[in-house]
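Text of the file input.cif, holding mmCIF, C-alpha atoms and all ligand atoms:
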```cif
data_upload
#
loop_
_atom_site.label_atom_id
_atom_site.label_comp_id
_atom_site.auth_asym_id
_atom_site.auth_seq_id
_atom_site.Cartn_x
_atom_site.Cartn_y
_atom_site.Cartn_z
CA MET C 1 -59.41 92.19 -70.18
CA GLY C 2 -59.91 89.94 -67.15
CA SER C 3 -58.41 90.60 -63.77
CA VAL C 4 -55.22 92.65 -63.44
CA ALA C 5 -53.22 92.66 -60.23
CA PHE C 6 -52.37 96.02 -58.71
CA ASP C 7 -49.06 95.81 -56.92
CA ALA C 8 -47.20 98.57 -58.68
CA GLU C 9 -44.64 100.81 -57.06
CA ASP C 10 -45.58 104.44 -57.68
CA ARG C 11 -42.31 105.97 -58.86
CA TRP C 12 -44.08 108.91 -60.50
CA ASN C 13 -46.07 110.22 -57.51
CA ALA C 14 -49.16 109.49 -59.56
CA PHE C 15 -51.21 108.61 -56.46
CA ILE C 16 -52.05 110.64 -53.38
CA THR C 17 -53.71 107.61 -51.76
CA ILE C 18 -53.27 103.94 -52.69
CA CYS C 19 -55.90 101.46 -51.47
CA ARG C 20 -55.08 98.19 -53.26
CA ARG C 21 -58.67 96.98 -53.14
CA ALA C 22 -59.97 94.09 -55.13
CA GLY C 23 -62.86 94.27 -57.54
CA HIS C 24 -65.67 91.80 -57.40
CA GLY C 25 -68.69 90.64 -59.30
CA ASP C 26 -68.90 89.80 -62.93
CA GLY C 27 -69.72 93.16 -64.52
CA PRO C 28 -68.09 94.63 -67.64
CA LEU C 29 -65.08 95.79 -65.57
CA ALA C 30 -64.81 92.70 -63.35
CA GLY C 31 -61.49 92.75 -61.50
CA VAL C 32 -60.13 95.78 -63.33
CA PRO C 33 -58.09 98.19 -61.19
CA VAL C 34 -59.28 101.74 -61.84
CA ALA C 35 -57.55 104.89 -60.60
CA VAL C 36 -59.75 107.82 -59.65
CA LYS C 37 -58.74 111.48 -59.68
CA ASP C 38 -58.66 112.82 -56.14
CA ILE C 39 -61.39 115.41 -56.81
CA ILE C 40 -64.01 112.66 -57.14
CA SER C 41 -65.64 111.59 -53.86
CA THR C 42 -64.97 108.06 -52.62
CA ALA C 43 -66.77 106.77 -49.53
CA GLY C 44 -64.25 105.89 -46.83
CA ILE C 45 -61.25 106.97 -48.91
CA GLN C 46 -59.54 110.33 -48.36
CA THR C 47 -60.40 112.87 -51.09
CA THR C 48 -58.05 115.86 -51.07
CA CYS C 49 -58.43 117.63 -54.42
CA GLY C 50 -54.63 117.97 -54.23
CA SER C 51 -55.10 120.52 -51.44
CA LEU C 52 -54.01 120.83 -47.81
CA VAL C 53 -57.42 122.30 -47.11
CA LEU C 54 -58.95 118.83 -47.58
CA LYS C 55 -56.10 116.72 -46.22
CA GLY C 56 -57.68 113.99 -44.13
CA TYR C 57 -61.19 114.61 -45.44
CA VAL C 58 -63.00 111.31 -45.93
CA PRO C 59 -66.27 111.63 -47.87
CA PRO C 60 -69.28 109.78 -46.45
CA TYR C 61 -70.52 108.86 -49.93
CA ASP C 62 -69.39 107.76 -53.39
CA ALA C 63 -69.67 109.96 -56.47
CA HIS C 64 -72.13 108.64 -59.05
CA VAL C 65 -69.28 107.51 -61.31
CA VAL C 66 -67.63 105.65 -58.43
CA GLU C 67 -70.86 103.82 -57.66
CA LEU C 68 -71.00 102.84 -61.33
CA VAL C 69 -67.42 101.59 -61.72
CA LYS C 70 -67.77 99.56 -58.52
CA ALA C 71 -71.08 98.12 -59.68
CA ALA C 72 -69.33 97.16 -62.93
CA GLY C 73 -66.91 95.02 -60.89
CA ALA C 74 -63.90 97.35 -60.94
CA ALA C 75 -61.68 98.09 -57.96
CA VAL C 76 -60.87 101.67 -57.01
CA VAL C 77 -57.18 101.11 -56.28
CA GLY C 78 -56.19 104.66 -55.56
CA LYS C 79 -56.78 108.36 -55.77
CA THR C 80 -54.62 110.20 -58.25
CA ASN C 81 -52.54 113.32 -57.93
CA MET C 82 -53.69 116.53 -59.53
CA ASP C 83 -53.26 120.27 -59.64
CA GLU C 84 -54.90 121.74 -56.55
CA PHE C 85 -58.68 121.78 -57.22
CA GLY C 86 -57.92 121.13 -60.90
CA MET C 87 -56.32 124.52 -61.38
CA GLY C 88 -53.33 123.96 -63.58
CA THR C 89 -51.90 122.32 -66.66
CA THR C 90 -48.96 120.40 -65.19
CA THR C 91 -49.91 118.75 -61.84
CA GLU C 92 -47.20 120.88 -60.21
CA SER C 93 -49.65 122.85 -58.06
CA SER C 94 -50.55 119.75 -56.02
CA ALA C 95 -49.93 120.14 -52.29
CA PHE C 96 -48.59 116.56 -52.43
CA GLY C 97 -45.73 117.29 -54.82
CA PRO C 98 -45.66 117.03 -58.62
CA THR C 99 -46.29 113.89 -60.63
CA THR C 100 -43.64 113.10 -63.23
CA ASN C 101 -44.23 112.00 -66.80
CA PRO C 102 -43.55 108.25 -67.22
CA VAL C 103 -42.29 108.87 -70.77
CA ASP C 104 -39.60 111.26 -69.49
CA THR C 105 -39.41 111.89 -65.75
CA THR C 106 -37.78 115.32 -66.22
CA ARG C 107 -41.08 116.43 -67.75
CA VAL C 108 -44.52 117.21 -66.38
CA PRO C 109 -47.33 114.75 -67.12
CA GLY C 110 -49.70 117.60 -68.00
CA GLY C 111 -52.67 118.46 -65.88
CA SER C 112 -54.71 118.76 -64.05
CA SER C 113 -55.45 114.99 -64.22
CA GLY C 114 -51.70 114.27 -64.41
CA GLY C 115 -51.77 111.51 -61.81
CA SER C 116 -54.48 109.61 -63.70
CA ALA C 117 -52.52 109.91 -66.96
CA ALA C 118 -49.25 108.82 -65.33
CA ALA C 119 -50.97 105.89 -63.60
CA VAL C 120 -52.13 104.65 -66.99
CA ALA C 121 -49.01 105.54 -69.02
CA SER C 122 -46.72 103.81 -66.49
CA GLY C 123 -48.81 100.65 -66.71
CA MET C 124 -49.91 100.73 -63.06
CA VAL C 125 -53.57 100.67 -64.09
CA PRO C 126 -55.28 100.08 -67.45
CA MET C 127 -57.80 102.87 -66.97
CA ALA C 128 -58.52 105.92 -64.88
CA LEU C 129 -61.09 108.63 -64.30
CA GLY C 130 -60.13 112.24 -64.82
CA THR C 131 -61.98 115.53 -64.96
CA ASP C 132 -61.86 118.17 -67.65
CA THR C 133 -62.81 121.80 -67.02
CA GLY C 134 -60.58 123.33 -69.66
CA GLY C 135 -58.51 120.41 -70.92
CA SER C 136 -57.52 118.49 -67.82
CA ILE C 137 -58.21 115.06 -69.34
CA ARG C 138 -56.97 115.78 -72.85
CA CYS C 139 -53.78 117.64 -71.91
CA PRO C 140 -52.27 114.92 -69.69
CA ALA C 141 -53.46 112.27 -72.15
CA ALA C 142 -51.55 114.08 -74.91
CA PHE C 143 -48.43 114.68 -72.81
CA CYS C 144 -48.25 111.07 -71.58
CA GLY C 145 -49.18 109.36 -74.84
CA ILE C 146 -52.54 107.87 -73.82
CA VAL C 147 -56.19 108.33 -74.84
CA GLY C 148 -58.53 110.69 -72.96
CA LEU C 149 -62.15 111.64 -73.56
CA LYS C 150 -63.90 114.77 -72.36
CA PRO C 151 -67.58 113.87 -72.72
CA THR C 152 -70.48 116.14 -73.69
CA TYR C 153 -71.42 118.41 -70.77
CA GLY C 154 -73.99 116.54 -68.71
CA ARG C 155 -73.54 113.11 -70.26
CA VAL C 156 -71.70 111.92 -67.14
CA SER C 157 -73.11 112.93 -63.75
CA ARG C 158 -71.07 115.36 -61.68
CA TYR C 159 -72.69 114.16 -58.43
CA GLY C 160 -69.82 113.76 -55.98
CA LEU C 161 -67.34 115.77 -58.04
CA VAL C 162 -65.90 118.60 -55.96
CA ALA C 163 -66.80 121.71 -57.93
CA TYR C 164 -64.19 123.97 -59.50
CA ALA C 165 -66.12 125.55 -62.41
CA ASN C 166 -69.49 123.85 -62.67
CA SER C 167 -70.59 125.17 -66.04
CA LEU C 168 -67.45 123.91 -67.79
CA GLU C 169 -66.47 120.65 -66.20
CA GLY C 170 -67.16 116.97 -66.41
CA ILE C 171 -65.75 113.54 -65.58
CA GLY C 172 -64.31 111.33 -68.30
CA PRO C 173 -62.32 108.17 -69.05
CA MET C 174 -58.58 107.85 -69.67
CA ALA C 175 -56.89 104.65 -70.89
CA GLY C 176 -54.11 103.24 -73.01
CA ASN C 177 -56.31 102.74 -76.06
CA VAL C 178 -59.61 103.83 -77.59
CA GLU C 179 -61.39 100.58 -76.83
CA ASP C 180 -60.75 100.86 -73.08
CA VAL C 181 -61.77 104.52 -73.06
CA SER C 182 -64.99 103.49 -74.77
CA ARG C 183 -65.55 100.65 -72.29
CA LEU C 184 -65.10 102.88 -69.25
CA PHE C 185 -67.28 105.56 -70.85
CA SER C 186 -70.09 103.08 -71.36
CA VAL C 187 -69.99 102.36 -67.62
CA ILE C 188 -70.10 106.00 -66.44
CA ALA C 189 -72.37 107.70 -69.02
CA GLY C 190 -76.09 108.13 -68.49
CA PRO C 191 -78.69 110.02 -66.48
CA ASP C 192 -78.59 110.76 -62.75
CA ALA C 193 -81.34 112.65 -60.93
CA ARG C 194 -78.81 114.01 -58.40
CA ASP C 195 -77.11 116.22 -61.02
CA ALA C 196 -79.52 118.84 -62.38
CA THR C 197 -77.49 119.17 -65.59
CA SER C 198 -77.45 115.43 -66.26
CA ILE C 199 -78.81 114.36 -69.65
CA ASP C 200 -80.46 111.07 -70.50
CA ARG C 201 -77.95 109.80 -73.05
CA PRO C 202 -76.42 106.45 -72.10
CA TYR C 203 -73.56 105.18 -74.26
CA THR C 204 -73.59 101.60 -75.49
CA HIS C 205 -71.41 101.88 -78.57
CA THR C 206 -68.67 99.49 -79.69
CA PRO C 207 -65.88 101.39 -81.46
CA SER C 208 -65.62 100.74 -85.17
CA SER C 209 -63.12 101.92 -87.75
CA ASP C 210 -65.71 101.69 -90.54
CA ARG C 211 -67.23 105.12 -90.23
CA ILE C 212 -64.07 107.03 -91.23
CA ARG C 213 -64.86 106.63 -94.94
CA GLY C 214 -66.60 109.80 -96.14
CA LEU C 215 -66.42 111.44 -92.69
CA ARG C 216 -66.07 115.20 -93.10
CA ILE C 217 -63.30 116.55 -90.87
CA GLY C 218 -62.93 120.29 -90.41
CA VAL C 219 -59.49 121.70 -89.68
CA PRO C 220 -59.65 125.27 -88.30
CA ALA C 221 -56.66 127.38 -89.28
CA GLU C 222 -56.63 128.84 -85.72
CA PHE C 223 -55.64 125.43 -84.32
CA PHE C 224 -52.33 125.79 -86.12
CA GLY C 225 -51.80 129.48 -85.36
CA GLU C 226 -49.39 131.48 -83.24
CA GLY C 227 -47.88 129.64 -80.28
CA VAL C 228 -48.28 126.18 -81.78
CA ASP C 229 -44.89 124.49 -82.01
CA PRO C 230 -44.22 123.95 -85.75
CA ALA C 231 -43.01 120.39 -85.13
CA VAL C 232 -46.24 119.57 -83.25
CA ALA C 233 -48.29 121.20 -86.03
CA GLU C 234 -46.46 119.13 -88.61
CA ARG C 235 -47.04 115.88 -86.70
CA VAL C 236 -50.76 116.60 -86.34
CA ARG C 237 -51.06 117.64 -90.00
CA ALA C 238 -49.51 114.28 -90.90
CA ALA C 239 -52.05 112.49 -88.68
CA ILE C 240 -54.89 114.34 -90.39
CA GLY C 241 -53.32 113.25 -93.70
CA ASP C 242 -53.54 109.67 -92.43
CA LEU C 243 -57.26 110.17 -91.73
CA ALA C 244 -57.66 111.40 -95.33
CA ASP C 245 -55.85 108.28 -96.56
CA LEU C 246 -58.41 106.23 -94.61
CA GLY C 247 -61.20 107.90 -96.59
CA ALA C 248 -62.07 111.01 -94.57
CA GLU C 249 -62.69 114.26 -96.38
CA ILE C 250 -60.62 117.16 -95.00
CA VAL C 251 -62.23 120.60 -94.98
CA GLU C 252 -60.07 123.63 -94.18
CA CYS C 253 -62.11 126.07 -92.08
CA SER C 254 -61.91 128.92 -89.62
CA MET C 255 -62.99 129.56 -86.02
CA PRO C 256 -62.68 133.30 -85.39
CA SER C 257 -63.99 133.05 -81.80
CA MET C 258 -60.70 131.37 -80.87
CA ALA C 259 -59.31 134.90 -80.50
CA PHE C 260 -61.36 135.34 -77.30
CA ALA C 261 -61.89 131.77 -76.14
CA LEU C 262 -58.99 131.61 -73.68
CA ALA C 263 -59.90 134.92 -72.04
CA ALA C 264 -63.55 133.87 -71.83
CA TYR C 265 -62.51 130.62 -70.22
CA TYR C 266 -60.25 132.16 -67.58
CA VAL C 267 -62.79 134.83 -66.58
CA THR C 268 -65.52 132.19 -66.33
CA CYS C 269 -63.57 129.53 -64.46
CA THR C 270 -62.06 131.95 -61.93
CA SER C 271 -65.48 133.52 -61.30
CA GLU C 272 -67.06 130.15 -60.64
CA ALA C 273 -64.07 129.06 -58.54
CA SER C 274 -64.26 132.15 -56.34
CA SER C 275 -67.80 131.18 -55.43
CA ASN C 276 -67.24 127.42 -55.13
CA LEU C 277 -64.15 127.64 -52.95
CA ALA C 278 -65.85 129.84 -50.36
CA ARG C 279 -66.97 126.65 -48.64
CA PHE C 280 -63.42 125.81 -47.56
CA ASP C 281 -63.46 127.96 -44.47
CA GLY C 282 -61.92 125.59 -41.95
CA VAL C 283 -65.26 124.93 -40.25
CA ARG C 284 -66.86 122.31 -42.46
CA TYR C 285 -63.96 120.38 -43.98
CA GLY C 286 -60.30 119.59 -43.45
CA PRO C 287 -57.96 120.77 -40.72
CA ASP C 288 -59.62 122.71 -37.91
CA ILE C 289 -59.16 126.40 -37.50
CA VAL C 290 -56.50 126.77 -34.83
CA SER C 291 -56.41 130.52 -34.45
CA LYS C 292 -57.72 131.93 -31.18
CA ARG C 293 -58.36 135.28 -32.81
CA SER C 294 -61.54 136.69 -34.39
CA TRP C 295 -63.55 134.68 -36.91
CA HIS C 296 -62.41 136.97 -39.66
CA GLU C 297 -58.76 136.49 -38.82
CA ALA C 298 -59.24 132.78 -38.30
CA TYR C 299 -60.75 132.37 -41.80
CA GLN C 300 -57.95 134.40 -43.30
CA GLU C 301 -55.29 132.43 -41.55
CA HIS C 302 -56.88 129.12 -42.50
CA ARG C 303 -57.24 129.96 -46.18
CA ARG C 304 -53.78 131.54 -46.40
CA GLU C 305 -52.15 128.48 -44.87
CA HIS C 306 -54.13 125.73 -46.54
CA LEU C 307 -54.85 126.99 -50.04
CA GLY C 308 -51.98 127.14 -52.53
CA LYS C 309 -50.79 130.17 -54.44
CA GLU C 310 -52.54 129.36 -57.72
CA VAL C 311 -55.86 128.69 -55.99
CA ARG C 312 -55.64 131.97 -54.07
CA ARG C 313 -54.73 133.80 -57.29
CA ARG C 314 -57.83 132.45 -59.00
CA ILE C 315 -60.13 133.25 -56.09
CA MET C 316 -58.83 136.83 -56.21
CA LEU C 317 -59.22 137.07 -60.00
CA GLY C 318 -62.73 135.65 -59.93
CA THR C 319 -63.83 137.82 -57.02
CA PHE C 320 -62.56 140.84 -58.95
CA ALA C 321 -64.31 139.81 -62.18
CA LEU C 322 -67.63 139.44 -60.36
CA SER C 323 -67.40 142.58 -58.27
CA ALA C 324 -69.82 145.48 -58.72
CA GLY C 325 -68.54 147.83 -61.39
CA TYR C 326 -66.46 145.16 -63.14
CA TYR C 327 -69.08 142.49 -63.71
CA GLY C 328 -70.23 143.95 -67.05
CA LYS C 329 -66.71 144.56 -68.19
CA TYR C 330 -65.41 141.06 -67.51
CA TYR C 331 -67.94 138.36 -66.61
CA ALA C 332 -70.73 139.52 -68.93
CA LYS C 333 -68.25 140.02 -71.80
CA ALA C 334 -66.82 136.56 -71.23
CA GLN C 335 -70.31 135.08 -71.52
CA GLU C 336 -70.76 136.88 -74.86
CA ALA C 337 -67.47 135.46 -76.11
CA ARG C 338 -68.52 132.05 -74.83
CA LYS C 339 -71.71 132.29 -76.87
CA ASN C 340 -69.63 133.11 -79.95
CA VAL C 341 -67.60 129.94 -79.47
CA GLY C 342 -70.81 127.92 -79.38
CA GLU C 343 -72.05 129.65 -82.51
CA ASP C 344 -68.79 128.97 -84.32
CA PHE C 345 -69.07 125.27 -83.48
CA ALA C 346 -72.71 125.19 -84.61
CA ARG C 347 -71.78 126.81 -87.92
CA LEU C 348 -68.87 124.44 -88.51
CA PHE C 349 -70.83 121.36 -87.48
CA ALA C 350 -73.50 122.20 -90.04
CA ASP C 351 -70.87 121.35 -92.64
CA VAL C 352 -68.41 118.92 -91.02
CA ASP C 353 -68.87 115.91 -88.71
CA VAL C 354 -65.71 116.26 -86.67
CA ILE C 355 -63.15 119.01 -86.01
CA ALA C 356 -59.48 118.06 -85.78
CA GLY C 357 -56.34 119.75 -84.52
CA PRO C 358 -53.58 119.37 -81.96
CA THR C 359 -54.64 118.78 -78.33
CA MET C 360 -51.78 120.87 -76.96
CA PRO C 361 -49.65 123.49 -78.74
CA THR C 362 -46.41 121.85 -77.51
CA THR C 363 -45.12 118.61 -76.05
CA ALA C 364 -44.72 118.18 -72.26
CA PHE C 365 -42.89 121.04 -70.52
CA ALA C 366 -39.84 120.46 -68.36
CA LEU C 367 -40.67 120.32 -64.63
CA GLY C 368 -40.59 123.89 -63.30
CA GLU C 369 -40.53 125.46 -66.76
CA LYS C 370 -43.83 127.33 -66.41
CA THR C 371 -44.40 127.61 -62.67
CA ALA C 372 -43.01 131.14 -62.42
CA ASP C 373 -45.15 132.44 -65.27
CA PRO C 374 -48.84 131.58 -64.80
CA LEU C 375 -49.91 133.44 -67.92
CA SER C 376 -47.73 131.32 -70.17
CA MET C 377 -49.19 128.24 -68.48
CA TYR C 378 -52.74 129.52 -69.15
CA LEU C 379 -51.84 130.02 -72.83
CA ALA C 380 -51.15 126.31 -73.21
CA ASP C 381 -54.91 125.67 -72.77
CA ILE C 382 -55.91 127.57 -75.90
CA LEU C 383 -56.77 124.49 -77.97
CA THR C 384 -58.66 122.59 -75.28
CA VAL C 385 -60.92 125.27 -73.73
CA PRO C 386 -63.22 125.80 -76.76
CA ALA C 387 -64.84 122.35 -76.28
CA ASN C 388 -65.55 123.16 -72.60
CA LEU C 389 -67.01 126.57 -73.40
CA ALA C 390 -69.41 124.91 -75.87
CA GLY C 391 -70.00 121.71 -73.90
CA VAL C 392 -69.14 119.49 -76.86
CA PRO C 393 -67.20 116.20 -76.59
CA ALA C 394 -63.51 115.94 -77.51
CA ILE C 395 -60.98 113.13 -77.47
CA SER C 396 -57.18 113.14 -77.50
CA VAL C 397 -55.49 110.20 -79.17
CA PRO C 398 -51.70 109.72 -79.44
CA CYS C 399 -50.30 110.60 -82.88
CA GLY C 400 -46.58 109.99 -82.66
CA THR C 401 -43.78 111.93 -81.01
CA VAL C 402 -41.61 114.99 -81.41
CA ASN C 403 -38.11 114.54 -79.96
CA GLY C 404 -39.34 111.43 -78.17
CA LEU C 405 -42.26 113.21 -76.47
CA PRO C 406 -45.88 112.24 -77.27
CA VAL C 407 -48.18 114.43 -79.35
CA GLY C 408 -51.99 114.28 -79.12
CA LEU C 409 -54.46 114.53 -81.99
CA GLN C 410 -57.68 116.19 -80.78
CA LEU C 411 -61.01 115.27 -82.36
CA ILE C 412 -64.01 117.39 -81.37
CA GLY C 413 -67.60 116.31 -82.07
CA ARG C 414 -71.18 117.57 -81.98
CA HIS C 415 -73.14 117.39 -78.70
CA CYS C 416 -73.67 113.75 -77.75
CA GLU C 417 -71.75 112.45 -80.74
CA GLU C 418 -68.99 110.79 -78.72
CA GLU C 419 -69.65 107.71 -80.85
CA LEU C 420 -68.35 109.46 -83.95
CA ILE C 421 -65.14 110.92 -82.48
CA ILE C 422 -64.47 107.58 -80.81
CA ASP C 423 -64.88 105.82 -84.16
CA ALA C 424 -62.56 108.32 -85.88
CA ALA C 425 -59.99 107.87 -83.10
CA CYS C 426 -60.39 104.09 -83.39
CA ALA C 427 -59.76 104.17 -87.15
CA TYR C 428 -56.67 106.33 -86.64
CA GLU C 429 -55.33 104.13 -83.84
CA GLU C 430 -55.90 100.94 -85.83
CA ALA C 431 -54.09 102.34 -88.86
CA GLN C 432 -51.02 103.11 -86.72
CA ARG C 433 -50.59 99.49 -85.64
N1 LIG C 501 -55.56 124.13 -67.20
C1 LIG C 501 -56.93 124.55 -67.09
C2 LIG C 501 -57.12 125.32 -65.80
O1 LIG C 501 -56.15 125.46 -65.12
C3 LIG C 501 -57.84 123.39 -67.13
C4 LIG C 501 -58.01 122.71 -65.83
C5 LIG C 501 -59.04 121.63 -65.83
O2 LIG C 501 -59.54 121.21 -66.88
N2 LIG C 501 -59.45 121.22 -64.65
O3 LIG C 501 -58.15 125.81 -65.47
#
```

Go ahead and express the file in the form of C-alpha cells.
Amino acid sequence: MGSVAFDAEDRWNAFITICRRAGHGDGPLAGVPVAVKDIISTAGIQTTCGSLVLKGYVPPYDAHVVELVKAAGAAVVGKTNMDEFGMGTTTESSAFGPTTNPVDTTRVPGGSSGGSAAAVASGMVPMALGTDTGGSIRCPAAFCGIVGLKPTYGRVSRYGLVAYANSLEGIGPMAGNVEDVSRLFSVIAGPDARDATSIDRPYTHTPSSDRIRGLRIGVPAEFFGEGVDPAVAERVRAAIGDLADLGAEIVECSMPSMAFALAAYYVTCTSEASSNLARFDGVRYGPDIVSKRSWHEAYQEHRREHLGKEVRRRIMLGTFALSAGYYGKYYAKAQEARKNVGEDFARLFADVDVIAGPTMPTTAFALGEKTADPLSMYLADILTVPANLAGVPAISVPCGTVNGLPVGLQLIGRHCEEELIIDAACAYEEAQR
C-alpha cells in the first residue's frame, strides 16, 4: 500500500479531532494513515467518546491497539465521530453533530462507528478502527459500503477502550476491502496481559478465496423475518446464491433464540452502561463541576448538562433493570436468553462452518428519521446483536445496492475462526470484481 498522504477536507464531519501526523518506521502499516474511533484512548490526543462529559480530556496513555498500529508504522491521523459512548445506530447522538454518509449525504452513516466508516468510504483514510458492542462496526460498514470485522470477544485487547458494555464489546478493523481489514486485524489481534479477557490467539492469515469450495453456510430463516426490507433480503439472498455458485453449500436453518436476542442485548448493555458511566461525575474527567451547591446537586447538574439524552435514558434503564426487586425479572432473564443465543450458535456450528444473512434489515436511514423513536432505532440492531451476545466473530462485506444505497452481507463464524469468514468474504468480494 505504501505511504498515503492525509490532507483531506472532512466534509462529512467524520472526525472530532484531526491530527495529521506522519507514520514512521518500516512495519506492515508503514506510512498508512489510520483513523481511530474517539472511544479508544490516544496519548496526548483528546478522546471524547462523542460526549461533552469528556470534552478536552487528553488520555495519558495509548490503548493497546493504538500502541500496535503505531508500532506497525501507521499514523493516527484523527479521532472519529461516534454516537455518544457508542450508544446508537446512526452517529446522530454525538455531542459534536452527526456524521453524514459519503454515499448520500442526506443519510446517516450508521453507527456507532459512523465517523470511522465515513472516513474510509469518503477516501480520507484507507483503514480505521471501530468498536462493536451490538453492531457498531458492521452497521456503519454496511450503510457506507465498506468492510468491517467484529472480532471474537477477547481476540483484540480492550485495554484503553472506554467501557460501555464490557461483556459485549471489542475493537475491530474497518477498510475499503477484505485484504486491508485482514491486514489491520493482523496488527491488532493477540494477547495482552492488561485485559483480563484477552485470549492468546494472534492472527497471521493471508485471505484466500480457495476455501469457499465445499464451505457449509447456514442461512437462518429469522435473518429474513419481520422487519427486514424485502429488497434488502432479496439482495442478500442473491449474494448467498453467488457464494453457492462459487462452490459453497447452502443450508437453510433456524435460530429460535433470535426472538429474545434484542431484548437480552438491551437489558445487558444498559445494565453494564449504568455501572460504567458512574465514573463520569465531574470530579475525575472532563469539565469541572461548577455548581456551588451540595455534592449531590453538583453531580446531578454535571451529568444532566454533559451527558446526552440517549446516554441518560440508558443509565436510567440499566439502573432500573439492576435494582432490587427487578433484577431477577430483567437482568437474570436476559442472561438466560443470552445463554440460549450461545447454544443456538453452538448447535448450528456443529453442522455449518459459517452463518450468513443481512448485516442490517434496511439501507441507511435518512438523517433524523429515527431520532424521535428510540425503540425503532434499537430494532435495527436485531441482526447484529446475536454475535455480540455469543462473542463470535462476524464480518460485513458490501453486496450491492438497493436504490443506490449499499447493502451489507454478514458472515458469522465460530469462536476464533475469523480466518474462515474472512476467506468467505474474500471469495465473495473477488467474484464481484
Ligand atoms: N446500536 C447498538 C447500541 O446502541 C450497538 C452500539 C455499539 O455496538 N456500540 O447499543

Per residue of chain C within 6 Å of ligand LIG 501 (chain C), what are the shortest atom pair and its distance in Å to one decimal, counting all atoms listed in the file, with rows by chain and residue number, as a Markdown table?
```
| residue | atom | partner | partner_atom | distance |
| --- | --- | --- | --- | --- |
| C:Gly86 | CA | C:LIG501 | N2 | 4.1 |
| C:Met87 | CA | C:LIG501 | O1 | 3.9 |
| C:Gly88 | CA | C:LIG501 | O1 | 3.5 |
| C:Thr89 | CA | C:LIG501 | N1 | 4.1 |
| C:Ser112 | CA | C:LIG501 | N2 | 5.4 |
| C:Asp132 | CA | C:LIG501 | O2 | 3.9 |
| C:Thr133 | CA | C:LIG501 | O2 | 3.3 |
| C:Gly134 | CA | C:LIG501 | O2 | 3.6 |
| C:Gly135 | CA | C:LIG501 | O2 | 4.2 |
| C:Ser136 | CA | C:LIG501 | O2 | 3.5 |
| C:Asp381 | CA | C:LIG501 | N1 | 5.8 |
```

**Report entry** Nearest-residue call for Thr204 of chain C, choices C:Asp351, C:Asp373, C:Asp38, C:Glu418, using all atoms listed in the file
**Finding:**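 Going through C:Asp351, C:Asp373, C:Asp38, C:Glu418 one by one, the smallest distance to Thr204 of chain C is for C:Glu418.
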
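Distance check against Tyr265 of chain C using all atoms listed in the file: of C:Thr363, C:Asn388, C:Asn166, C:Ser396, the minimum falls on C:Asn388.
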
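Of the residues under consideration (C:Leu420, C:Ala128, C:Ala95, C:Val66), C:Val66 shows the shortest atom-to-atom contact distance to Gly160 of chain C when counting only C-alpha atoms.
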
Can you pull out every residue within 9 Å of Ser254 of chain C, counting all atoms listed in the file, but drop anything in the same chain fewer than 4 positions away, and send it as a compact mmCIF listing (two decimals) with C-alpha atoms, in the frame of the given file?
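Okay, this is what ended up in selection.txt:
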```txt
# COMPACT_ATOMS: atom_id res chain seq x y z
CA GLY C 218 -62.93 120.29 -90.41
CA VAL C 219 -59.49 121.70 -89.68
CA PRO C 220 -59.65 125.27 -88.30
CA ALA C 221 -56.66 127.38 -89.28
CA GLU C 222 -56.63 128.84 -85.72
CA PHE C 223 -55.64 125.43 -84.32
CA ASP C 344 -68.79 128.97 -84.32
CA LEU C 348 -68.87 124.44 -88.51
```

Cut-off 12 Å around (-60.2, 112.1, -74.0) with only C-alpha atoms: residues as a CSV table (one decimal) with C-alpha atoms, in the frame of the given file:
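As written to disk, part37.csv reads:
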```csv
chain,number,residue,atom,x,y,z
C,113,SER,CA,-55.4,115.0,-64.2
C,117,ALA,CA,-52.5,109.9,-67.0
C,127,MET,CA,-57.8,102.9,-67.0
C,128,ALA,CA,-58.5,105.9,-64.9
C,129,LEU,CA,-61.1,108.6,-64.3
C,130,GLY,CA,-60.1,112.2,-64.8
C,131,THR,CA,-62.0,115.5,-65.0
C,132,ASP,CA,-61.9,118.2,-67.6
C,135,GLY,CA,-58.5,120.4,-70.9
C,136,SER,CA,-57.5,118.5,-67.8
C,137,ILE,CA,-58.2,115.1,-69.3
C,138,ARG,CA,-57.0,115.8,-72.8
C,139,CYS,CA,-53.8,117.6,-71.9
C,140,PRO,CA,-52.3,114.9,-69.7
C,141,ALA,CA,-53.5,112.3,-72.2
C,142,ALA,CA,-51.6,114.1,-74.9
C,145,GLY,CA,-49.2,109.4,-74.8
C,146,ILE,CA,-52.5,107.9,-73.8
C,147,VAL,CA,-56.2,108.3,-74.8
C,148,GLY,CA,-58.5,110.7,-73.0
C,149,LEU,CA,-62.2,111.6,-73.6
C,150,LYS,CA,-63.9,114.8,-72.4
C,151,PRO,CA,-67.6,113.9,-72.7
C,152,THR,CA,-70.5,116.1,-73.7
C,170,GLY,CA,-67.2,117.0,-66.4
C,171,ILE,CA,-65.8,113.5,-65.6
C,172,GLY,CA,-64.3,111.3,-68.3
C,173,PRO,CA,-62.3,108.2,-69.0
C,174,MET,CA,-58.6,107.8,-69.7
C,175,ALA,CA,-56.9,104.6,-70.9
C,176,GLY,CA,-54.1,103.2,-73.0
C,177,ASN,CA,-56.3,102.7,-76.1
C,178,VAL,CA,-59.6,103.8,-77.6
C,179,GLU,CA,-61.4,100.6,-76.8
C,180,ASP,CA,-60.8,100.9,-73.1
C,181,VAL,CA,-61.8,104.5,-73.1
C,182,SER,CA,-65.0,103.5,-74.8
C,184,LEU,CA,-65.1,102.9,-69.2
C,185,PHE,CA,-67.3,105.6,-70.8
C,359,THR,CA,-54.6,118.8,-78.3
C,384,THR,CA,-58.7,122.6,-75.3
C,387,ALA,CA,-64.8,122.4,-76.3
C,392,VAL,CA,-69.1,119.5,-76.9
C,393,PRO,CA,-67.2,116.2,-76.6
C,394,ALA,CA,-63.5,115.9,-77.5
C,395,ILE,CA,-61.0,113.1,-77.5
C,396,SER,CA,-57.2,113.1,-77.5
C,397,VAL,CA,-55.5,110.2,-79.2
C,398,PRO,CA,-51.7,109.7,-79.4
C,408,GLY,CA,-52.0,114.3,-79.1
C,409,LEU,CA,-54.5,114.5,-82.0
C,410,GLN,CA,-57.7,116.2,-80.8
C,411,LEU,CA,-61.0,115.3,-82.4
C,412,ILE,CA,-64.0,117.4,-81.4
C,413,GLY,CA,-67.6,116.3,-82.1
C,418,GLU,CA,-69.0,110.8,-78.7
C,421,ILE,CA,-65.1,110.9,-82.5
C,422,ILE,CA,-64.5,107.6,-80.8
C,425,ALA,CA,-60.0,107.9,-83.1
```
